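Asker: Attaching a single structure in structure tokens format; questions to follow.
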Amino acid sequence: MGFASFFEKKMKGGYDRVKMGENIVKTEFDYEKHKDDPRILDRFASWYLRSARELKALPIKMFFDNVVFFNKGGVGDDEGSEFLGVSAITLYRQEQLQVQLVLAPANFLIPEHTHPNVDSYETFIGGPIHFEKDGKPIIPKENIFALEDGTCSVFLRSSKVPSSTPHGGPVGDSPASFLSIQHWKNGVKPTSVHEDWAEDGAETAAAKTEWEKEQIKTV
């Protein structure tokens, strides 16, 4: 079967769709349908990861300025920052929903923190990253390894992280990557999770400023 016959692209109902066999997968999330659903993040993450598994590719909805370095603005914004070498590419952004691919160097420690205005699903992609949530491993270290074909044993395994839940964790002896599938709340517009960062209850200036602006609007 040729490539063109296997992937049949259509425009229908305002959505670009891809046909795989008998299944048709939307390449854009139906935000209008779910925008008032309290489980919008669950539905978005389910759609995104299902699309990734079935299409064998990550859905993309990019904008021009889509690369960030965590030591530039927000957390770790100083010379010799502990976040030097950590970067992210924003793969998808739609209203208050966003997906970032985060890249971390070997032997890096993500300090325990929260994102006051972001609920997320943290999703394994590759490399020895050992996520912890509330101080406990999400997946035991011995279960994270390279398979015979070179892929990650826990590829696309996810864990939900509410905005109030402390999380972090170390990276092993080689670089690692993960997806952060996000729902931004409290009227804060999506930027990058490193700009909505709190350790020991101290929010980054960007997050605090946006939150204060929203409170002023509602008074």
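Every chain in the structure tokens has a letter given in the order shown (A, B, ...), and although residue numbers restart at 1 in each chain, ligands are simply numbered from 1 in the order shown.
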I'd like the neighbourhood of segment 132-148 of chain A as a PyMOL selection string, where a residue qualifies if any of its atoms comes within 12 Å (using only C-alpha atoms), though same-chain residues fewer than 4 positions away should be ignored.
Answerer: chain A and resi 109-114+121-128+152-155+157-174+176
Asker: Just give me the gap between atom CA of Phe29 of chain A and atom CA of Val67 of chain A in Å, one decimal is fine.
Answerer: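 Distance reported for this atom pair: 22.0 Å.
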Asker: Give me, please, the distance in Å between atom CA of Tyr31 of chain A and atom CA of Tyr48 of chain A, quoted to one decimal.
Answerer: 12.4 Å
Asker: Hey, can you check how far atom CA of Pro59 of chain A sits from atom CA of Val99 of chain A?
Answerer: 9.4 Å
Asker: Can you tell me, as a ChimeraX atom specification, what residues are no more than 12 Å from segment 42-44 of chain A when counting only C-alpha atoms, ignoring any on the same chain fewer than 3 positions away?
Answerer: /A:26-39,47-51,59,92-99,119-121,158-162,181-183
Asker: Can you work out which one of A:Val68, A:Lys189, A:Pro175, A:Phe63 has the shortest atom-to-atom distance to Phe108 of chain A, counting only C-alpha atoms?
Answerer: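 Comparing A:Val68, A:Lys189, A:Pro175, A:Phe63 against Phe108 of chain A, the winner is A:Pro175.
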Asker: In segment 64-181 of chain A, what's strand (DSSP E) per DSSP? Answer as a ChimeraX atom specification?
Answerer: /A:67-69,87-94,97-104,109-113,118-126,132-133,136-137,158-161,167-170,176-181
